[in-house]
$ cat upload.cif   # mmCIF, C-alpha atoms
data_model
loop_
_atom_site.group_PDB
_atom_site.id
_atom_site.type_symbol
_atom_site.label_atom_id
_atom_site.label_comp_id
_atom_site.auth_asym_id
_atom_site.auth_seq_id
_atom_site.Cartn_x
_atom_site.Cartn_y
_atom_site.Cartn_z
ATOM 1 C CA MET A 15 -57.457 25.941 20.023
ATOM 2 C CA SER A 16 -56.511 28.822 17.735
ATOM 3 C CA GLY A 17 -55.769 31.028 20.754
ATOM 4 C CA SER A 18 -53.137 28.646 22.077
ATOM 5 C CA ALA A 19 -49.466 29.559 21.846
ATOM 6 C CA VAL A 20 -48.715 25.939 20.894
ATOM 7 C CA LEU A 21 -51.096 23.921 18.729
ATOM 8 C CA LYS A 22 -51.075 20.132 19.041
ATOM 9 C CA THR A 23 -52.484 17.563 16.631
ATOM 10 C CA LEU A 24 -52.157 13.783 16.585
ATOM 11 C CA GLU A 25 -52.714 11.621 13.534
ATOM 12 C CA GLY A 26 -51.433 8.144 12.815
ATOM 13 C CA GLY A 27 -49.120 8.199 15.814
ATOM 14 C CA VAL A 28 -47.491 11.464 14.701
ATOM 15 C CA ALA A 29 -47.917 14.491 16.980
ATOM 16 C CA VAL A 30 -47.358 17.916 15.429
ATOM 17 C CA LEU A 31 -46.577 20.792 17.800
ATOM 18 C CA THR A 32 -46.913 24.174 16.096
ATOM 19 C CA LEU A 33 -45.481 27.293 17.735
ATOM 20 C CA ASN A 34 -48.370 29.682 17.235
ATOM 21 C CA ARG A 35 -47.451 33.341 17.631
ATOM 22 C CA PRO A 36 -46.970 34.211 13.957
ATOM 23 C CA GLU A 37 -47.433 37.929 14.608
ATOM 24 C CA THR A 38 -44.161 37.858 16.609
ATOM 25 C CA PHE A 39 -42.468 35.320 14.304
ATOM 26 C CA ASN A 40 -43.229 32.784 17.048
ATOM 27 C CA ALA A 41 -41.134 34.542 19.683
ATOM 28 C CA LEU A 42 -40.964 32.536 22.898
ATOM 29 C CA ASP A 43 -42.905 34.101 25.763
ATOM 30 C CA MET A 44 -44.002 32.625 29.091
ATOM 31 C CA ALA A 45 -47.284 31.228 27.757
ATOM 32 C CA MET A 46 -45.598 29.533 24.814
ATOM 33 C CA GLY A 47 -42.883 28.125 27.078
ATOM 34 C CA ARG A 48 -45.406 26.611 29.482
ATOM 35 C CA GLU A 49 -47.565 25.216 26.688
ATOM 36 C CA LEU A 50 -44.568 23.749 24.872
ATOM 37 C CA VAL A 51 -43.380 21.972 28.015
ATOM 38 C CA ASP A 52 -46.891 20.639 28.679
ATOM 39 C CA ALA A 53 -47.275 19.434 25.083
ATOM 40 C CA LEU A 54 -43.879 17.717 25.034
ATOM 41 C CA GLU A 55 -44.533 15.982 28.338
ATOM 42 C CA GLN A 56 -47.925 14.803 27.076
ATOM 43 C CA CYS A 57 -46.236 13.409 23.967
ATOM 44 C CA GLY A 58 -43.650 11.632 26.069
ATOM 45 C CA GLU A 59 -46.301 9.966 28.233
ATOM 46 C CA ASP A 60 -48.913 9.226 25.545
ATOM 47 C CA ARG A 61 -48.635 5.690 24.178
ATOM 48 C CA GLU A 62 -50.485 6.713 21.018
ATOM 49 C CA THR A 63 -47.740 9.216 20.163
ATOM 50 C CA LYS A 64 -44.878 7.535 18.332
ATOM 51 C CA VAL A 65 -43.066 10.516 16.769
ATOM 52 C CA VAL A 66 -43.150 14.287 17.371
ATOM 53 C CA ILE A 67 -42.746 17.113 14.840
ATOM 54 C CA VAL A 68 -42.056 20.673 16.025
ATOM 55 C CA THR A 69 -42.715 23.509 13.573
ATOM 56 C CA GLY A 70 -43.838 27.143 13.448
ATOM 57 C CA ALA A 71 -46.952 28.929 12.240
ATOM 58 C CA GLY A 72 -46.597 31.517 9.498
ATOM 59 C CA LYS A 73 -43.265 32.590 8.052
ATOM 60 C CA ALA A 74 -40.923 31.705 10.934
ATOM 61 C CA PHE A 75 -39.936 28.670 12.964
ATOM 62 C CA CYS A 76 -39.112 30.657 16.117
ATOM 63 C CA SER A 77 -37.420 34.050 16.344
ATOM 64 C CA GLY A 78 -36.113 33.427 19.875
ATOM 65 C CA GLY A 79 -37.039 34.802 23.268
ATOM 66 C CA ASP A 80 -39.546 37.646 23.241
ATOM 67 C CA LEU A 81 -37.280 40.535 24.255
ATOM 68 C CA LYS A 82 -40.088 43.068 23.859
ATOM 69 C CA MET A 83 -42.191 41.105 26.330
ATOM 70 C CA MET A 84 -39.304 41.065 28.813
ATOM 71 C CA ARG A 85 -38.881 44.820 28.499
ATOM 72 C CA ASP A 86 -42.611 45.521 28.777
ATOM 73 C CA VAL A 87 -43.199 43.289 31.816
ATOM 74 C CA LEU A 88 -40.275 44.549 33.912
ATOM 75 C CA PRO A 89 -38.620 47.546 32.222
ATOM 76 C CA ASP A 90 -35.928 47.884 34.899
ATOM 77 C CA GLN A 91 -35.310 44.174 35.540
ATOM 78 C CA PRO A 92 -35.895 42.097 32.391
ATOM 79 C CA VAL A 93 -33.496 39.494 33.815
ATOM 80 C CA VAL A 94 -36.282 38.330 36.161
ATOM 81 C CA VAL A 95 -38.413 37.346 33.169
ATOM 82 C CA LEU A 96 -35.330 36.045 31.371
ATOM 83 C CA ARG A 97 -34.616 33.691 34.266
ATOM 84 C CA GLN A 98 -38.134 32.239 34.138
ATOM 85 C CA LEU A 99 -38.104 31.914 30.356
ATOM 86 C CA THR A 100 -34.733 30.150 30.374
ATOM 87 C CA LYS A 101 -36.062 27.666 32.915
ATOM 88 C CA LEU A 102 -38.998 26.791 30.641
ATOM 89 C CA LEU A 103 -36.801 26.527 27.544
ATOM 90 C CA HIS A 104 -34.439 24.191 29.363
ATOM 91 C CA ARG A 105 -37.334 21.998 30.488
ATOM 92 C CA ALA A 106 -38.500 21.767 26.874
ATOM 93 C CA VAL A 107 -35.015 20.894 25.619
ATOM 94 C CA THR A 108 -34.590 18.278 28.351
ATOM 95 C CA ASP A 109 -37.979 16.769 27.484
ATOM 96 C CA ILE A 110 -36.947 16.468 23.832
ATOM 97 C CA ARG A 111 -33.625 14.821 24.621
ATOM 98 C CA LEU A 112 -34.962 12.422 27.277
ATOM 99 C CA MET A 113 -38.080 11.420 25.337
ATOM 100 C CA HIS A 114 -37.561 7.896 23.991
ATOM 101 C CA LYS A 115 -39.287 8.930 20.775
ATOM 102 C CA PRO A 116 -37.919 10.642 17.658
ATOM 103 C CA VAL A 117 -38.447 14.414 17.558
ATOM 104 C CA ILE A 118 -38.213 16.181 14.192
ATOM 105 C CA ALA A 119 -37.770 19.927 13.685
ATOM 106 C CA ALA A 120 -39.615 21.117 10.576
ATOM 107 C CA VAL A 121 -37.800 24.432 10.192
ATOM 108 C CA ASN A 122 -40.364 26.148 7.985
ATOM 109 C CA GLY A 123 -38.808 29.597 8.402
ATOM 110 C CA SER A 124 -36.007 31.422 10.143
ATOM 111 C CA ALA A 125 -34.831 30.396 13.606
ATOM 112 C CA GLY A 126 -32.893 32.693 15.919
ATOM 113 C CA GLY A 127 -31.719 32.583 19.518
ATOM 114 C CA ALA A 128 -33.892 30.172 21.482
ATOM 115 C CA GLY A 129 -35.480 29.058 18.200
ATOM 116 C CA PHE A 130 -32.049 28.029 16.917
ATOM 117 C CA SER A 131 -31.457 26.112 20.157
ATOM 118 C CA LEU A 132 -34.857 24.424 19.984
ATOM 119 C CA ALA A 133 -34.232 23.199 16.446
ATOM 120 C CA MET A 134 -30.796 21.885 17.429
ATOM 121 C CA ALA A 135 -32.305 19.964 20.360
ATOM 122 C CA CYS A 136 -34.388 17.833 17.997
ATOM 123 C CA ASP A 137 -33.164 14.538 16.564
ATOM 124 C CA LEU A 138 -33.659 15.403 12.884
ATOM 125 C CA ARG A 139 -34.003 18.754 11.110
ATOM 126 C CA VAL A 140 -35.485 19.510 7.696
ATOM 127 C CA MET A 141 -35.150 23.174 6.703
ATOM 128 C CA SER A 142 -36.773 25.443 4.138
ATOM 129 C CA GLU A 143 -34.382 26.706 1.480
ATOM 130 C CA LYS A 144 -35.649 30.209 2.322
ATOM 131 C CA ALA A 145 -35.024 29.937 6.073
ATOM 132 C CA LYS A 146 -32.027 31.292 7.963
ATOM 133 C CA LEU A 147 -30.340 30.535 11.279
ATOM 134 C CA ARG A 148 -28.847 33.102 13.635
ATOM 135 C CA GLN A 149 -27.323 32.680 17.072
ATOM 136 C CA ALA A 150 -28.373 36.282 17.992
ATOM 137 C CA TYR A 151 -27.820 36.084 21.772
ATOM 138 C CA THR A 152 -24.428 37.787 21.891
ATOM 139 C CA SER A 153 -25.568 40.598 19.607
ATOM 140 C CA ASN A 154 -28.090 41.462 22.323
ATOM 141 C CA GLY A 155 -25.609 41.263 25.203
ATOM 142 C CA LEU A 156 -26.786 37.803 26.264
ATOM 143 C CA VAL A 157 -25.420 34.247 26.426
ATOM 144 C CA PRO A 158 -26.712 31.261 24.409
ATOM 145 C CA ASP A 159 -29.031 28.921 26.284
ATOM 146 C CA GLY A 160 -31.322 26.021 25.442
ATOM 147 C CA GLY A 161 -28.329 23.727 25.015
ATOM 148 C CA TRP A 162 -26.903 25.769 22.137
ATOM 149 C CA THR A 163 -23.359 25.423 23.488
ATOM 150 C CA ALA A 164 -23.807 21.640 23.668
ATOM 151 C CA PHE A 165 -25.468 20.925 20.339
ATOM 152 C CA VAL A 166 -23.736 23.287 17.914
ATOM 153 C CA PRO A 167 -20.134 22.149 18.599
ATOM 154 C CA VAL A 168 -21.279 18.528 18.179
ATOM 155 C CA TYR A 169 -22.943 19.182 14.825
ATOM 156 C CA ALA A 170 -20.657 21.832 13.335
ATOM 157 C CA GLY A 171 -17.399 21.582 15.297
ATOM 158 C CA LEU A 172 -15.877 23.881 17.903
ATOM 159 C CA GLY A 173 -14.416 26.293 15.358
ATOM 160 C CA ARG A 174 -17.775 26.905 13.700
ATOM 161 C CA ALA A 175 -19.416 27.245 17.115
ATOM 162 C CA PHE A 176 -16.957 29.990 18.054
ATOM 163 C CA GLU A 177 -17.575 31.693 14.716
ATOM 164 C CA LEU A 178 -21.323 31.683 15.312
ATOM 165 C CA ALA A 179 -21.021 32.777 18.940
ATOM 166 C CA LEU A 180 -18.485 35.573 18.441
ATOM 167 C CA LEU A 181 -19.300 36.944 14.976
ATOM 168 C CA ASP A 182 -23.015 36.063 14.911
ATOM 169 C CA PRO A 183 -23.419 35.613 11.150
ATOM 170 C CA VAL A 184 -26.791 34.896 9.573
ATOM 171 C CA LEU A 185 -26.598 31.436 8.006
ATOM 172 C CA ASP A 186 -28.587 30.613 4.909
ATOM 173 C CA ALA A 187 -29.993 27.125 4.475
ATOM 174 C CA SER A 188 -27.249 25.850 2.184
ATOM 175 C CA THR A 189 -24.561 26.896 4.678
ATOM 176 C CA ALA A 190 -26.498 25.337 7.556
ATOM 177 C CA LEU A 191 -26.586 22.081 5.599
ATOM 178 C CA GLU A 192 -22.891 22.290 4.700
ATOM 179 C CA TRP A 193 -21.979 22.873 8.355
ATOM 180 C CA GLY A 194 -24.032 19.870 9.510
ATOM 181 C CA LEU A 195 -26.616 21.902 11.420
ATOM 182 C CA VAL A 196 -29.539 20.436 9.460
ATOM 183 C CA ASN A 197 -30.107 17.094 7.748
ATOM 184 C CA LEU A 198 -31.923 18.244 4.621
ATOM 185 C CA VAL A 199 -32.873 21.464 2.819
ATOM 186 C CA VAL A 200 -35.998 21.485 0.653
ATOM 187 C CA PRO A 201 -38.322 24.024 -0.992
ATOM 188 C CA GLU A 202 -40.519 25.810 1.543
ATOM 189 C CA GLU A 203 -43.673 23.927 0.566
ATOM 190 C CA GLN A 204 -41.932 20.569 1.052
ATOM 191 C CA VAL A 205 -40.808 21.077 4.660
ATOM 192 C CA MET A 206 -43.876 19.578 6.345
ATOM 193 C CA PRO A 207 -44.420 16.826 3.748
ATOM 194 C CA VAL A 208 -40.831 15.651 4.221
ATOM 195 C CA ALA A 209 -41.106 15.868 8.018
ATOM 196 C CA ARG A 210 -44.316 13.834 7.882
ATOM 197 C CA GLN A 211 -42.716 11.313 5.545
ATOM 198 C CA TRP A 212 -39.871 10.811 8.006
ATOM 199 C CA ALA A 213 -42.295 10.645 10.932
ATOM 200 C CA GLU A 214 -44.564 8.098 9.259
ATOM 201 C CA ARG A 215 -41.588 5.900 8.444
ATOM 202 C CA LEU A 216 -40.304 6.114 12.008
ATOM 203 C CA SER A 217 -43.750 5.524 13.531
ATOM 204 C CA THR A 218 -43.892 2.066 11.941
ATOM 205 C CA GLY A 219 -40.338 1.196 12.927
ATOM 206 C CA ALA A 220 -38.854 -0.674 15.889
ATOM 207 C CA LEU A 221 -39.716 2.036 18.394
ATOM 208 C CA PHE A 222 -38.045 0.441 21.404
ATOM 209 C CA ALA A 223 -34.788 0.072 19.489
ATOM 210 C CA LEU A 224 -35.012 3.662 18.229
ATOM 211 C CA GLY A 225 -35.518 4.892 21.784
ATOM 212 C CA GLN A 226 -32.515 2.930 22.996
ATOM 213 C CA VAL A 227 -30.344 4.309 20.191
ATOM 214 C CA LYS A 228 -31.393 7.852 21.087
ATOM 215 C CA SER A 229 -30.446 7.233 24.709
ATOM 216 C CA LEU A 230 -27.086 5.744 23.706
ATOM 217 C CA LEU A 231 -26.241 8.652 21.404
ATOM 218 C CA ASN A 232 -27.218 11.101 24.140
ATOM 219 C CA GLY A 233 -24.844 9.323 26.492
ATOM 220 C CA ALA A 234 -22.049 9.297 23.940
ATOM 221 C CA VAL A 235 -21.990 12.983 23.005
ATOM 222 C CA LEU A 236 -24.238 14.746 25.549
ATOM 223 C CA PRO A 237 -23.434 12.980 28.838
ATOM 224 C CA SER A 238 -23.499 16.189 30.881
ATOM 225 C CA LEU A 239 -26.382 18.056 29.231
ATOM 226 C CA GLU A 240 -28.096 18.786 32.548
ATOM 227 C CA THR A 241 -24.904 20.308 33.962
ATOM 228 C CA LEU A 242 -24.294 22.338 30.818
ATOM 229 C CA LEU A 243 -27.872 23.657 30.796
ATOM 230 C CA GLU A 244 -27.381 24.829 34.366
ATOM 231 C CA ARG A 245 -24.139 26.572 33.396
ATOM 232 C CA GLU A 246 -25.926 28.235 30.472
ATOM 233 C CA ARG A 247 -28.692 29.358 32.838
ATOM 234 C CA GLN A 248 -26.190 30.883 35.240
ATOM 235 C CA GLY A 249 -24.349 32.553 32.359
ATOM 236 C CA MET A 250 -27.590 33.979 30.999
ATOM 237 C CA ILE A 251 -28.603 35.372 34.387
ATOM 238 C CA ALA A 252 -25.154 36.909 34.957
ATOM 239 C CA ALA A 253 -25.154 38.463 31.491
ATOM 240 C CA GLY A 254 -28.720 39.666 31.951
ATOM 241 C CA LEU A 255 -27.647 41.781 34.923
ATOM 242 C CA THR A 256 -25.097 43.745 32.898
ATOM 243 C CA GLY A 257 -25.541 47.155 31.386
ATOM 244 C CA ASP A 258 -24.781 45.725 27.959
ATOM 245 C CA ALA A 259 -27.720 43.317 28.205
ATOM 246 C CA MET A 260 -30.046 46.138 29.224
ATOM 247 C CA GLU A 261 -28.778 48.143 26.268
ATOM 248 C CA GLY A 262 -29.100 45.157 23.929
ATOM 249 C CA ILE A 263 -32.701 44.475 24.922
ATOM 250 C CA THR A 264 -33.590 48.177 24.759
ATOM 251 C CA ALA A 265 -31.945 48.591 21.368
ATOM 252 C CA PHE A 266 -33.776 45.543 20.033
ATOM 253 C CA THR A 267 -37.160 46.876 21.135
ATOM 254 C CA GLU A 268 -36.328 50.324 19.737
ATOM 255 C CA LYS A 269 -35.118 48.763 16.466
ATOM 256 C CA ARG A 270 -31.688 50.397 16.534
ATOM 257 C CA PRO A 271 -28.100 49.129 16.776
ATOM 258 C CA PRO A 272 -26.943 48.624 20.380
ATOM 259 C CA ARG A 273 -24.309 50.899 21.875
ATOM 260 C CA PHE A 274 -22.388 48.518 24.123
ATOM 261 C CA LYS A 275 -19.888 49.734 26.721
ATOM 262 C CA GLY A 276 -18.291 46.377 27.456
ATOM 263 C CA GLN A 277 -19.775 46.137 30.925
#
$ encode --input "upload.cif" --output "structure tokens"
Amino acid sequence: MSGSAVLKTLEGGVAVLTLNRPETFNALDMAMGRELVDALEQCGEDRETKVVIVTGAGKAFCSGGDLKMMRDVLPDQPVVVLRQLTKLLHRAVTDIRLMHKPVIAAVNGSAGGAGFSLAMACDLRVMSEKAKLRQAYTSNGLVPDGGWTAFVPVYAGLGRAFELALLDPVLDASTALEWGLVNLVVPEEQVMPVARQWAERLSTGALFALGQVKSLLNGAVLPSLETLLERERQGMIAAGLTGDAMEGITAFTEKRPPRFKGQ
């Protein structure tokens, strides 16, 4: 359905989930969060689905949580919406990690905030040479969620994770590849063909063995993901109650630099 926030197709054992709010650069709102969780859980349960690809419609992969939506729904208490959105994002991330099937992020365009986290949660990442990554949370007075603080130190190292979290640089594709945040960078028009090529290869592989390997690697480097996601959720809620977060969200919606007071 074209009106869906997440489009799902299945062909040859490969499910493609497309984040479908191109007018907002695929910003994550409540509808998209619910539909993404539903789609991922369907993929996990469906025996016909062997591999999953997650990508974005239009020019972006996912620009992160929809801060404008949070501000519009509850102008004085956006943290209420933030709490619900974080819960959905964490369900989606957990579904990806616990699914005994390969999940590929086809990063067709830029990914920020929750979009960055979502891409990192996937098993493999192919990225457009035109795309960029940005942590973004701290520049809006918020705390990374979606497993960002688990995945990024594993892929890029603790020093790079601190650099991204504290300085919030915008990473181009070549830097993302150099830092180990993505597996391959290709021309924009090759992102989906490469993702499909990987998926088709995996779909004809020893799927039980691949699922076991995924579980073993999870246990080796992400043994406490559930606990860490809960800590991220608590950190996000605490940050969301601060004046700086209110200012960050307001400044974002008003398209101006935030004026933080450190409180």
$ residues_around --input "upload.cif" --residues "Asp159 of chain A" --least-positions-apart "5" --cutoff "8 Å" --atoms "all atoms listed in the file" --output "CSV table (one decimal) with C-alpha atoms, in the coordinates of the input"
chain,number,residue,atom,x,y,z
A,100,THR,CA,-34.7,30.2,30.4
A,104,HIS,CA,-34.4,24.2,29.4
A,128,ALA,CA,-33.9,30.2,21.5
A,131,SER,CA,-31.5,26.1,20.2
A,243,LEU,CA,-27.9,23.7,30.8
A,246,GLU,CA,-25.9,28.2,30.5
A,247,ARG,CA,-28.7,29.4,32.8
A,250,MET,CA,-27.6,34.0,31.0
$ atom_distance --input "upload.cif" --atom1 "atom CA of Ala220 of chain A" --atom2 "atom CA of Gly26 of chain A"
15.7 Å
$ residues_near_point --input "upload.cif" --point "(-46.6, 28.2, 10.0)" --cutoff "9 Å" --atoms "all atoms listed in the file" --output "ChimeraX atom specification"
/A:32-34,36,69-75,122-123
$ residues_around --input "upload.cif" --residues "Gly155 of chain A" --least-positions-apart "4" --cutoff "7 Å" --atoms "only C-alpha atoms" --output "list of chain:residue names"
A:Tyr151, A:Ala253, A:Asp258, A:Ala259, A:Gly262
$ closest_residue --input "upload.cif" --among "A:Cys57, A:Leu31, A:Ile263, A:Ile110" --to "Gly79 of chain A" --atoms "only C-alpha atoms"
A:Ile263
$ residues_around --input "upload.cif" --residues "Ala164 of chain A" --least-positions-apart "2" --cutoff "10 Å" --atoms "all atoms listed in the file" --output "MDAnalysis selection string"
chainID A and resid 131 134:135 159:162 166:169 175 235:236 238:239 242:243 246
$ residues_around --input "upload.cif" --residues "segment 202-206 of chain A" --least-positions-apart "4" --cutoff "10 Å" --atoms "only C-alpha atoms" --output "number ranges by chain"
A: 30, 67-69, 73, 119-123, 139-145, 198, 210-212
$ residues_near_point --input "upload.cif" --point "(-36.4, 45.2, 28.6)" --cutoff "6 Å" --atoms "only C-alpha atoms" --output "ChimeraX atom specification"
/A:84-85,89,92,263-264
$ residues_around --input "upload.cif" --residues "Phe274 of chain A" --least-positions-apart "2" --cutoff "7 Å" --atoms "only C-alpha atoms" --output "list in words"
Asp258, Glu261, Pro272 and Gly276 of chain A
$ atom_distance --input "upload.cif" --atom1 "atom CA of Glu25 of chain A" --atom2 "atom CA of Asp60 of chain A"
12.8 Å
$ resolve_selection --input "upload.cif" --expression "the PyMOL selection byres ((chain A and resi 78) around 12)" --output "PyMOL selection string"
chain A and resi 33+35+38-43+46-47+70+74-77+79-83+96+99-100+103+124-133+147-151+154+158-160
$ resolve_selection --input "upload.cif" --expression "the PyMOL selection byres ((chain A and resi 64) around 12)" --output "PyMOL selection string"
chain A and resi 24-30+56-63+65-67+113-118+212-222+224-225
$ atom_distance --input "upload.cif" --atom1 "atom CA of Ala234 of chain A" --atom2 "atom CA of Gly171 of chain A"
15.7 Å
$ build_atoms --input "upload.cif" --residues "segment 174-201 of chain A" --atoms "N, CA and C atoms" --output "mmCIF file, in the coordinates of the input"
data_model
loop_
_atom_site.group_PDB
_atom_site.id
_atom_site.type_symbol
_atom_site.label_atom_id
_atom_site.label_comp_id
_atom_site.auth_asym_id
_atom_site.auth_seq_id
_atom_site.Cartn_x
_atom_site.Cartn_y
_atom_site.Cartn_z
ATOM 1 N N ARG A 174 -16.554 26.287 14.218
ATOM 2 C CA ARG A 174 -17.775 26.905 13.700
ATOM 3 C C ARG A 174 -18.616 27.470 14.840
ATOM 4 N N ALA A 175 -18.650 26.757 15.972
ATOM 5 C CA ALA A 175 -19.416 27.245 17.115
ATOM 6 C C ALA A 175 -18.876 28.584 17.603
ATOM 7 N N PHE A 176 -17.548 28.707 17.668
ATOM 8 C CA PHE A 176 -16.957 29.990 18.054
ATOM 9 C C PHE A 176 -17.294 31.071 17.030
ATOM 10 N N GLU A 177 -17.240 30.720 15.760
ATOM 11 C CA GLU A 177 -17.575 31.693 14.716
ATOM 12 C C GLU A 177 -19.003 32.205 14.879
ATOM 13 N N LEU A 178 -19.926 31.288 15.133
ATOM 14 C CA LEU A 178 -21.323 31.683 15.312
ATOM 15 C C LEU A 178 -21.509 32.503 16.583
ATOM 16 N N ALA A 179 -20.839 32.094 17.662
ATOM 17 C CA ALA A 179 -21.021 32.777 18.940
ATOM 18 C C ALA A 179 -20.386 34.161 18.962
ATOM 19 N N LEU A 180 -19.214 34.307 18.358
ATOM 20 C CA LEU A 180 -18.485 35.573 18.441
ATOM 21 C C LEU A 180 -18.857 36.551 17.332
ATOM 22 N N LEU A 181 -19.025 36.062 16.116
ATOM 23 C CA LEU A 181 -19.300 36.944 14.976
ATOM 24 C C LEU A 181 -20.780 37.037 14.645
ATOM 25 N N ASP A 182 -21.559 36.083 15.092
ATOM 26 C CA ASP A 182 -23.015 36.063 14.911
ATOM 27 C C ASP A 182 -23.453 36.276 13.466
ATOM 28 N N PRO A 183 -22.950 35.477 12.531
ATOM 29 C CA PRO A 183 -23.419 35.613 11.150
ATOM 30 C C PRO A 183 -24.829 35.052 10.994
ATOM 31 N N VAL A 184 -25.509 35.484 9.956
ATOM 32 C CA VAL A 184 -26.791 34.896 9.573
ATOM 33 C C VAL A 184 -26.490 33.793 8.560
ATOM 34 N N LEU A 185 -26.884 32.573 8.878
ATOM 35 C CA LEU A 185 -26.598 31.436 8.006
ATOM 36 C C LEU A 185 -27.781 31.147 7.097
ATOM 37 N N ASP A 186 -27.526 31.058 5.804
ATOM 38 C CA ASP A 186 -28.587 30.613 4.909
ATOM 39 C C ASP A 186 -28.685 29.092 4.983
ATOM 40 N N ALA A 187 -29.712 28.553 4.343
ATOM 41 C CA ALA A 187 -29.993 27.125 4.475
ATOM 42 C C ALA A 187 -28.878 26.260 3.909
ATOM 43 N N SER A 188 -28.301 26.667 2.791
ATOM 44 C CA SER A 188 -27.249 25.850 2.184
ATOM 45 C C SER A 188 -26.017 25.790 3.078
ATOM 46 N N THR A 189 -25.698 26.896 3.754
ATOM 47 C CA THR A 189 -24.561 26.896 4.678
ATOM 48 C C THR A 189 -24.868 26.051 5.904
ATOM 49 N N ALA A 190 -26.094 26.157 6.408
ATOM 50 C CA ALA A 190 -26.498 25.337 7.556
ATOM 51 C C ALA A 190 -26.360 23.855 7.238
ATOM 52 N N LEU A 191 -26.720 23.477 6.023
ATOM 53 C CA LEU A 191 -26.586 22.081 5.599
ATOM 54 C C LEU A 191 -25.115 21.692 5.480
ATOM 55 N N GLU A 192 -24.323 22.560 4.872
ATOM 56 C CA GLU A 192 -22.891 22.290 4.700
ATOM 57 C C GLU A 192 -22.196 22.127 6.045
ATOM 58 N N TRP A 193 -22.600 22.919 7.035
ATOM 59 C CA TRP A 193 -21.979 22.873 8.355
ATOM 60 C C TRP A 193 -22.501 21.720 9.214
ATOM 61 N N GLY A 194 -23.503 20.995 8.748
ATOM 62 C CA GLY A 194 -24.032 19.870 9.510
ATOM 63 C C GLY A 194 -25.081 20.239 10.535
ATOM 64 N N LEU A 195 -25.617 21.458 10.451
ATOM 65 C CA LEU A 195 -26.616 21.902 11.420
ATOM 66 C C LEU A 195 -28.012 21.394 11.097
ATOM 67 N N VAL A 196 -28.259 21.024 9.849
ATOM 68 C CA VAL A 196 -29.539 20.436 9.460
ATOM 69 C C VAL A 196 -29.263 19.205 8.600
ATOM 70 N N ASN A 197 -30.263 18.337 8.506
ATOM 71 C CA ASN A 197 -30.107 17.094 7.748
ATOM 72 C C ASN A 197 -30.483 17.229 6.287
ATOM 73 N N LEU A 198 -31.425 18.129 5.986
ATOM 74 C CA LEU A 198 -31.923 18.244 4.621
ATOM 75 C C LEU A 198 -32.496 19.639 4.410
ATOM 76 N N VAL A 199 -32.277 20.187 3.220
ATOM 77 C CA VAL A 199 -32.873 21.464 2.819
ATOM 78 C C VAL A 199 -33.781 21.201 1.629
ATOM 79 N N VAL A 200 -35.008 21.723 1.706
ATOM 80 C CA VAL A 200 -35.998 21.485 0.653
ATOM 81 C C VAL A 200 -36.738 22.786 0.364
ATOM 82 N N PRO A 201 -37.473 22.858 -0.751
ATOM 83 C CA PRO A 201 -38.322 24.024 -0.992
ATOM 84 C C PRO A 201 -39.311 24.216 0.160
#
